[in-house]
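**Student:** my_file_15.txt is reproduced below (compact mmCIF, C-alpha atoms and all ligand atoms).
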```txt
# COMPACT_ATOMS: atom_id res chain seq x y z
CA MET A 1 9.82 26.23 -17.07
CA GLY A 2 11.54 29.42 -18.30
CA GLU A 3 9.85 30.33 -21.58
CA GLU A 4 13.09 30.81 -23.48
CA GLU A 5 14.70 27.53 -22.39
CA LEU A 6 11.44 25.69 -23.10
CA ALA A 7 11.24 27.20 -26.58
CA VAL A 8 14.80 26.13 -27.42
CA GLU A 9 14.95 22.71 -25.78
CA PHE A 10 11.49 21.48 -26.73
CA GLY A 11 10.84 23.66 -29.80
CA THR A 12 13.90 24.58 -31.86
CA VAL A 13 15.73 21.33 -31.11
CA ALA A 14 12.58 19.36 -32.01
CA GLU A 15 12.58 20.95 -35.47
CA TRP A 16 16.34 20.36 -35.87
CA THR A 17 15.78 16.70 -34.90
CA ALA A 18 13.26 16.24 -37.72
CA ASP A 19 15.78 17.85 -40.13
CA ALA A 20 18.46 15.40 -38.91
CA VAL A 21 16.15 12.42 -39.54
CA ASP A 22 15.49 13.72 -43.07
CA GLU A 23 19.24 13.54 -43.64
CA LEU A 24 20.03 10.27 -41.80
CA GLY A 25 16.99 8.26 -42.91
CA PRO A 26 13.66 7.09 -41.43
CA GLU A 27 15.33 4.22 -39.54
CA TYR A 28 16.69 6.90 -37.17
CA ALA A 29 13.29 8.45 -36.41
CA ILE A 30 12.31 6.51 -33.27
CA VAL A 31 15.69 6.86 -31.55
CA ALA A 32 15.88 10.54 -32.54
CA GLY A 33 12.32 11.02 -31.30
CA CYS A 34 13.21 9.48 -27.91
CA ARG A 35 16.14 11.80 -27.24
CA GLY A 36 16.23 12.27 -23.52
CA SER A 37 13.77 9.95 -21.89
CA GLY A 38 12.91 6.76 -23.72
CA ASP A 39 14.67 3.46 -24.26
CA PRO A 40 13.17 0.14 -25.37
CA ALA A 41 13.23 -1.55 -21.93
CA LEU A 42 11.51 1.41 -20.29
CA LEU A 43 8.89 1.68 -23.03
CA ASP A 44 8.26 -2.07 -23.02
CA TRP A 45 7.66 -1.97 -19.27
CA LEU A 46 5.11 0.82 -19.73
CA ALA A 47 3.39 -0.92 -22.66
CA LYS A 48 3.07 -4.25 -20.82
CA ALA A 49 1.99 -2.66 -17.52
CA CYS A 50 -0.72 -0.68 -19.33
CA GLY A 51 -1.80 -3.68 -21.47
CA ILE A 52 -1.32 -1.86 -24.77
CA GLY A 53 -2.44 -3.59 -27.97
CA PRO A 54 -3.78 -2.75 -31.43
CA GLY A 55 -7.24 -1.81 -30.11
CA THR A 56 -6.06 0.42 -27.24
CA SER A 57 -6.86 4.13 -27.38
CA LEU A 58 -3.66 5.77 -26.13
CA VAL A 59 -2.89 9.44 -25.60
CA ASP A 60 0.74 10.45 -25.01
CA VAL A 61 0.80 13.78 -23.16
CA GLY A 62 4.01 15.82 -23.43
CA ALA A 63 4.99 13.56 -26.31
CA GLY A 64 7.78 15.79 -27.57
CA VAL A 65 8.91 14.59 -31.00
CA GLY A 66 7.01 11.35 -30.50
CA GLY A 67 9.63 8.60 -30.18
CA ALA A 68 7.84 6.79 -27.33
CA SER A 69 4.50 6.68 -29.13
CA ALA A 70 6.08 5.77 -32.45
CA TRP A 71 7.87 2.90 -30.71
CA ALA A 72 4.55 1.72 -29.23
CA ALA A 73 2.85 1.98 -32.63
CA GLN A 74 5.60 -0.03 -34.30
CA THR A 75 5.95 -2.64 -31.54
CA TYR A 76 2.36 -3.06 -30.32
CA GLY A 77 0.28 -1.88 -33.29
CA VAL A 78 -1.45 0.86 -31.27
CA ARG A 79 -2.59 4.13 -32.94
CA PRO A 80 -1.73 6.82 -30.38
CA VAL A 81 -2.73 10.47 -30.24
CA LEU A 82 0.16 12.73 -29.27
CA VAL A 83 -0.12 16.00 -27.36
CA ASP A 84 2.54 18.63 -26.76
CA PRO A 85 2.35 22.38 -26.08
CA MET A 86 5.20 23.12 -28.51
CA ASN A 87 4.11 23.73 -32.11
CA GLU A 88 7.53 22.72 -33.41
CA ALA A 89 7.34 19.37 -31.59
CA CYS A 90 3.89 18.63 -33.08
CA ARG A 91 5.10 19.61 -36.56
CA SER A 92 8.15 17.37 -36.14
CA VAL A 93 5.95 14.41 -35.10
CA ARG A 94 3.94 14.81 -38.31
CA ARG A 95 7.14 15.05 -40.38
CA MET A 96 8.84 12.04 -38.77
CA PHE A 97 5.91 9.65 -38.21
CA GLU A 98 2.44 9.02 -39.59
CA LEU A 99 0.86 9.95 -36.27
CA SER A 100 -1.56 12.65 -35.22
CA ALA A 101 -0.25 15.36 -32.91
CA VAL A 102 -2.35 17.96 -31.09
CA CYS A 103 -0.81 21.16 -29.80
CA ALA A 104 -2.07 21.65 -26.21
CA ALA A 105 -0.91 21.87 -22.61
CA GLY A 106 -1.45 18.78 -20.48
CA GLU A 107 -3.30 20.85 -17.89
CA ARG A 108 -6.05 21.67 -20.45
CA LEU A 109 -6.53 18.74 -22.78
CA PRO A 110 -8.95 19.16 -25.72
CA PHE A 111 -10.65 15.80 -25.10
CA VAL A 112 -13.91 14.71 -23.50
CA ASP A 113 -14.06 12.91 -20.15
CA ASP A 114 -13.24 9.17 -20.08
CA GLN A 115 -12.03 9.20 -23.70
CA PHE A 116 -8.91 7.01 -23.51
CA ASP A 117 -7.98 3.51 -22.31
CA VAL A 118 -4.41 4.54 -21.54
CA VAL A 119 -2.59 7.81 -20.86
CA TRP A 120 1.19 8.08 -21.10
CA CYS A 121 3.23 10.92 -19.70
CA VAL A 122 6.92 10.18 -20.18
CA GLY A 123 9.57 12.46 -18.68
CA VAL A 124 7.14 15.38 -18.38
CA LEU A 125 6.09 15.78 -14.74
CA CYS A 126 9.35 17.43 -13.62
CA THR A 127 8.94 20.16 -16.26
CA VAL A 128 5.45 21.10 -15.03
CA HIS A 129 4.90 23.37 -12.02
CA GLU A 130 1.22 22.56 -11.43
CA LYS A 131 1.77 18.81 -11.13
CA SER A 132 -1.54 18.07 -9.40
CA VAL A 133 -3.47 20.02 -12.08
CA LEU A 134 -1.76 17.98 -14.79
CA LEU A 135 -2.43 14.66 -13.05
CA ARG A 136 -6.10 15.45 -12.48
CA GLU A 137 -6.46 16.36 -16.15
CA LEU A 138 -4.80 13.09 -17.18
CA ARG A 139 -7.30 11.30 -14.96
CA ARG A 140 -10.26 13.21 -16.45
CA VAL A 141 -9.58 11.97 -19.99
CA LEU A 142 -8.97 8.37 -18.87
CA ARG A 143 -11.86 5.91 -18.67
CA PRO A 144 -12.59 4.46 -15.21
CA GLY A 145 -10.19 1.55 -14.68
CA GLY A 146 -7.93 2.86 -17.47
CA SER A 147 -4.15 2.92 -17.05
CA LEU A 148 -1.75 5.77 -16.49
CA GLY A 149 1.87 5.01 -17.47
CA MET A 150 4.56 7.49 -16.56
CA MET A 151 8.30 7.85 -16.41
CA VAL A 152 9.13 10.39 -13.73
CA LEU A 153 12.51 11.80 -12.76
CA VAL A 154 12.65 11.95 -8.97
CA ALA A 155 14.99 13.81 -6.62
CA GLU A 156 17.14 11.68 -4.34
CA PRO A 157 18.09 12.97 -0.85
CA SER A 158 21.65 13.54 -2.18
CA LEU A 159 20.48 16.13 -4.76
CA HIS A 160 22.75 19.17 -4.47
CA SER A 161 24.00 20.01 -8.01
CA ASP A 162 22.51 22.59 -10.36
CA VAL A 163 19.32 21.38 -12.01
CA PRO A 164 18.47 22.20 -15.63
CA HIS A 165 16.25 25.30 -15.99
CA GLY A 166 12.58 24.74 -15.35
CA ASN A 167 12.88 21.33 -13.73
CA GLU A 168 11.27 20.64 -10.35
CA PHE A 169 11.90 17.03 -9.45
CA PRO A 170 9.47 15.55 -6.91
CA ARG A 171 10.79 13.19 -4.24
CA GLU A 172 9.43 9.67 -4.50
CA ASP A 173 7.09 10.12 -1.51
CA GLU A 174 5.78 13.38 -3.05
CA LEU A 175 5.14 11.55 -6.32
CA VAL A 176 3.17 8.82 -4.54
CA GLY A 177 1.09 11.49 -2.75
CA LEU A 178 0.39 13.37 -6.00
CA ILE A 179 -0.79 10.19 -7.75
CA ASP A 180 -3.05 9.26 -4.86
CA ASP A 181 -4.49 12.79 -4.45
CA ALA A 182 -5.32 12.96 -8.16
CA GLY A 183 -7.57 9.89 -7.84
CA PHE A 184 -5.38 7.08 -9.11
CA VAL A 185 -4.64 3.75 -7.48
CA LEU A 186 -0.92 3.08 -7.70
CA ARG A 187 -0.25 -0.43 -9.00
CA GLU A 188 3.52 -0.41 -9.60
CA LEU A 189 6.41 1.96 -9.00
CA VAL A 190 9.88 0.75 -9.99
CA GLU A 191 13.21 2.29 -10.79
CA ALA A 192 14.25 2.34 -14.47
CA PRO A 193 18.02 1.87 -14.73
CA ILE A 194 19.85 4.18 -17.13
CA ASP A 195 22.34 1.53 -18.33
CA ASN A 196 19.92 -0.89 -19.99
CA VAL A 197 20.08 0.49 -23.53
CA PRO A 198 20.95 -1.70 -26.56
CA THR A 199 24.21 -0.80 -28.32
CA GLU A 200 22.48 -0.21 -31.65
CA TRP A 201 20.11 2.29 -30.01
CA THR A 202 23.02 4.15 -28.36
CA GLN A 203 24.95 4.24 -31.64
CA GLN A 204 21.99 5.69 -33.53
CA ALA A 205 21.51 8.32 -30.81
CA GLU A 206 25.21 9.23 -31.12
CA HIS A 207 24.87 9.63 -34.92
CA VAL A 208 21.92 11.97 -34.41
CA ASP A 209 23.88 14.01 -31.85
CA GLU A 210 26.94 14.17 -34.11
CA LEU A 211 24.87 15.48 -37.00
CA LEU A 212 23.09 18.06 -34.81
CA GLU A 213 26.48 19.16 -33.47
CA LYS A 214 27.84 19.45 -37.03
CA LEU A 215 24.85 21.48 -38.23
CA HIS A 216 24.28 23.67 -35.17
CA GLY A 217 27.41 23.33 -33.00
CA SER A 218 28.17 27.05 -33.08
CA ASP A 219 24.54 28.17 -32.59
CA GLU A 220 24.06 29.56 -29.09
CA ARG A 221 20.66 27.84 -28.86
CA TRP A 222 22.35 24.46 -29.40
CA LEU A 223 25.03 25.33 -26.85
CA ALA A 224 22.33 26.31 -24.33
CA ALA A 225 20.42 23.06 -24.93
CA GLN A 226 23.64 21.07 -24.56
CA GLU A 227 24.34 22.80 -21.25
CA GLN A 228 20.91 21.67 -20.00
CA ALA A 229 21.50 18.13 -21.28
CA LYS A 230 24.92 18.00 -19.59
CA LYS A 231 23.41 19.02 -16.23
CA MET A 232 20.71 16.35 -16.57
CA SER A 233 23.14 13.61 -17.46
CA HIS A 234 25.36 14.57 -14.48
CA LEU A 235 22.35 14.33 -12.14
CA LEU A 236 21.46 10.89 -13.52
CA SER A 237 24.98 9.46 -13.60
CA THR A 238 25.61 10.53 -9.99
CA ARG A 239 22.15 9.26 -8.91
CA GLN A 240 21.10 12.64 -7.53
CA VAL A 241 18.06 12.15 -9.77
CA THR A 242 16.72 8.69 -10.69
CA ARG A 243 13.97 7.45 -12.99
CA ARG A 244 10.73 5.89 -11.81
CA LEU A 245 8.24 3.94 -13.89
CA VAL A 246 4.67 4.29 -12.71
CA HIS A 247 1.59 2.23 -13.47
CA ALA A 248 -1.59 3.51 -11.85
CA VAL A 249 -5.27 3.06 -12.65
CA LYS A 250 -8.13 5.54 -12.54
CA SER A 251 -10.24 4.89 -9.49
CA VAL A 252 -13.98 4.75 -10.01
CA GLY A 253 -15.97 7.73 -8.67
CA ALA A 254 -15.27 11.42 -8.18
CA VAL A 255 -12.12 12.86 -6.59
CA SER A 256 -12.57 15.18 -3.64
C1 LIG B 301 11.74 15.76 -21.54
S1 LIG B 301 10.56 16.03 -22.79
C2 LIG B 301 9.88 14.41 -22.96
C3 LIG B 301 9.30 14.19 -24.32
C4 LIG B 301 8.77 12.80 -24.60
N1 LIG B 301 7.69 12.45 -23.69
C5 LIG B 301 9.88 11.78 -24.55
O1 LIG B 301 9.82 10.91 -23.68
O2 LIG B 301 10.79 11.82 -25.38
C6 LIG B 301 9.27 16.93 -21.94
C7 LIG B 301 8.12 17.32 -22.86
O3 LIG B 301 7.07 17.86 -22.04
C8 LIG B 301 6.47 18.92 -22.75
N2 LIG B 301 5.76 19.77 -21.80
C9 LIG B 301 6.26 20.82 -21.07
N3 LIG B 301 5.27 21.38 -20.35
C10 LIG B 301 4.14 20.67 -20.61
C11 LIG B 301 2.78 20.77 -20.19
N4 LIG B 301 2.40 21.72 -19.34
N5 LIG B 301 1.89 19.90 -20.69
C12 LIG B 301 2.28 18.92 -21.55
N6 LIG B 301 3.55 18.78 -21.99
C13 LIG B 301 4.47 19.64 -21.52
C14 LIG B 301 7.63 19.61 -23.46
O4 LIG B 301 7.21 20.42 -24.55
C15 LIG B 301 8.46 18.40 -23.89
O5 LIG B 301 8.13 17.97 -25.18
```
Would you write out, as structure tokens, the structure that this file holds?
Ligand SMILES: C[S@@+](CC[C@H](N)C(=O)[O-])C[C@H]1O[C@@H](n2cnc3c(N)ncnc32)[C@H](O)[C@@H]1O
**Tutor:**
Amino acid sequence: MGEEELAVEFGTVAEWTADAVDELGPEYAIVAGCRGSGDPALLDWLAKACGIGPGTSLVDVGAGVGGASAWAAQTYGVRPVLVDPMNEACRSVRRMFELSAVCAAGERLPFVDDQFDVVWCVGVLCTVHEKSVLLRELRRVLRPGGSLGMMVLVAEPSLHSDVPHGNEFPREDELVGLIDDAGFVLRELVEAPIDNVPTEWTQQAEHVDELLEKLHGSDERWLAAQEQAKKMSHLLSTRQVTRRLVHAVKSVGAVS
């Protein structure tokens, strides 16, 4: 992804989000932390598919400001470790939630082999160029038989509009190939609808957006981030890009 867009969208806005939660109250933290990719139905699907519970060791790679993991901690009692390359995102996680966040790229994770029961990677794959490197690294840190849960934005054949900077959406068949080549066995691949979000969740997200707009509406970094968000929401609402939920398990043995 272009360095500047990455820094604004996943860095500056992450910090602003934590500021907004300070002002609105902690009950806004999970929704604010899920801006963009997560909603309860999607996260519940991932948690159930991956068999998450209080004793599960979970790493959330590309966790952003941590809404997905914080939701899993609150709902399923898991204690996740969060990873994101953006310092501001990791700082915001620590401000908004009592969770540990490690600043690292998903392609070079600072963990030993076979360390985790479950790896999550939610809304990240399309922002990464070296997708097969990332997937192999996710596999490395997962124990044999452990679960990979992902939400992936995929390109539909109708895709023709401008895509937000730095996004390279795989087609569904490319995604299946990448998962297989990285040494996972695909268990489930389903579409996640975009219109299955509870009203209370949507209202909280709107309050966060209104406050961010009020505080930063004339800042060119906010305007640039909004431009990206507008492009993404157009792609989703016109089904040029759709969301896939993936559950795969780490195959036993080495990958060629
Ligand atoms: C669309 S956000 C999704 C954030 C979060 N998973 C969520 O669902 O709200 C994409 C995240 O991927 C992170 N990211 C970008 N490149 C990455 C990489 N190479 N390795 C790990 N994370 C990356 C970004 O910093 C950003 O936080």
**Student:** Determine the nearest neighbour of Ala47 of chain A from the options A:Glu88, A:Asp60, A:Glu227, A:Asp173, counting only C-alpha atoms.
**Tutor:**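 Selected residue with least distance to Ala47 of chain A: A:Asp60.
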**Student:** Padding of 4 Å on every side, edges along x, y and z, all listed atoms of segment 221-229 of chain A included: what centre and edge lengths in Å, to one decimal, does that box have, as lines of an AutoDock Vina configuration file?
**Tutor:**
```
center_x = 22.7
center_y = 23.0
center_z = -24.7
size_x = 12.6
size_y = 17.7
size_z = 17.4
```
**Student:** Point out the residue among A:Asp117, A:Asp180, A:Glu107, A:Glu191 with the least atom-to-atom distance to Gly146 of chain A, counting all atoms listed in the file.
**Tutor:**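 Of all the options, A:Asp117 lies closest to Gly146 of chain A.
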**Student:** Do you have the atom CA of Glu156 of chain A-atom CA of Arg171 of chain A distance handy?
**Tutor:**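 Atom-to-atom, atom CA of Glu156 of chain A to atom CA of Arg171 of chain A, that is 6.5 Å.
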**Student:** What's the 10 Å shell around Lys250 of chain A, counting all atoms listed in the file, without same-chain residues fewer than 6 positions away, as an MDAnalysis selection string?
**Tutor:** chainID A and resid 114 117:118 138:148 179:180 182:186
**Student:** May I ask for the distance between atom CA of Arg108 of chain A and atom N6 of ligand LIG 301 (chain B), given in Å to one decimal place?
**Tutor:**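 Separation of atom CA of Arg108 of chain A and atom N6 of ligand LIG 301 (chain B): 10.1 Å.
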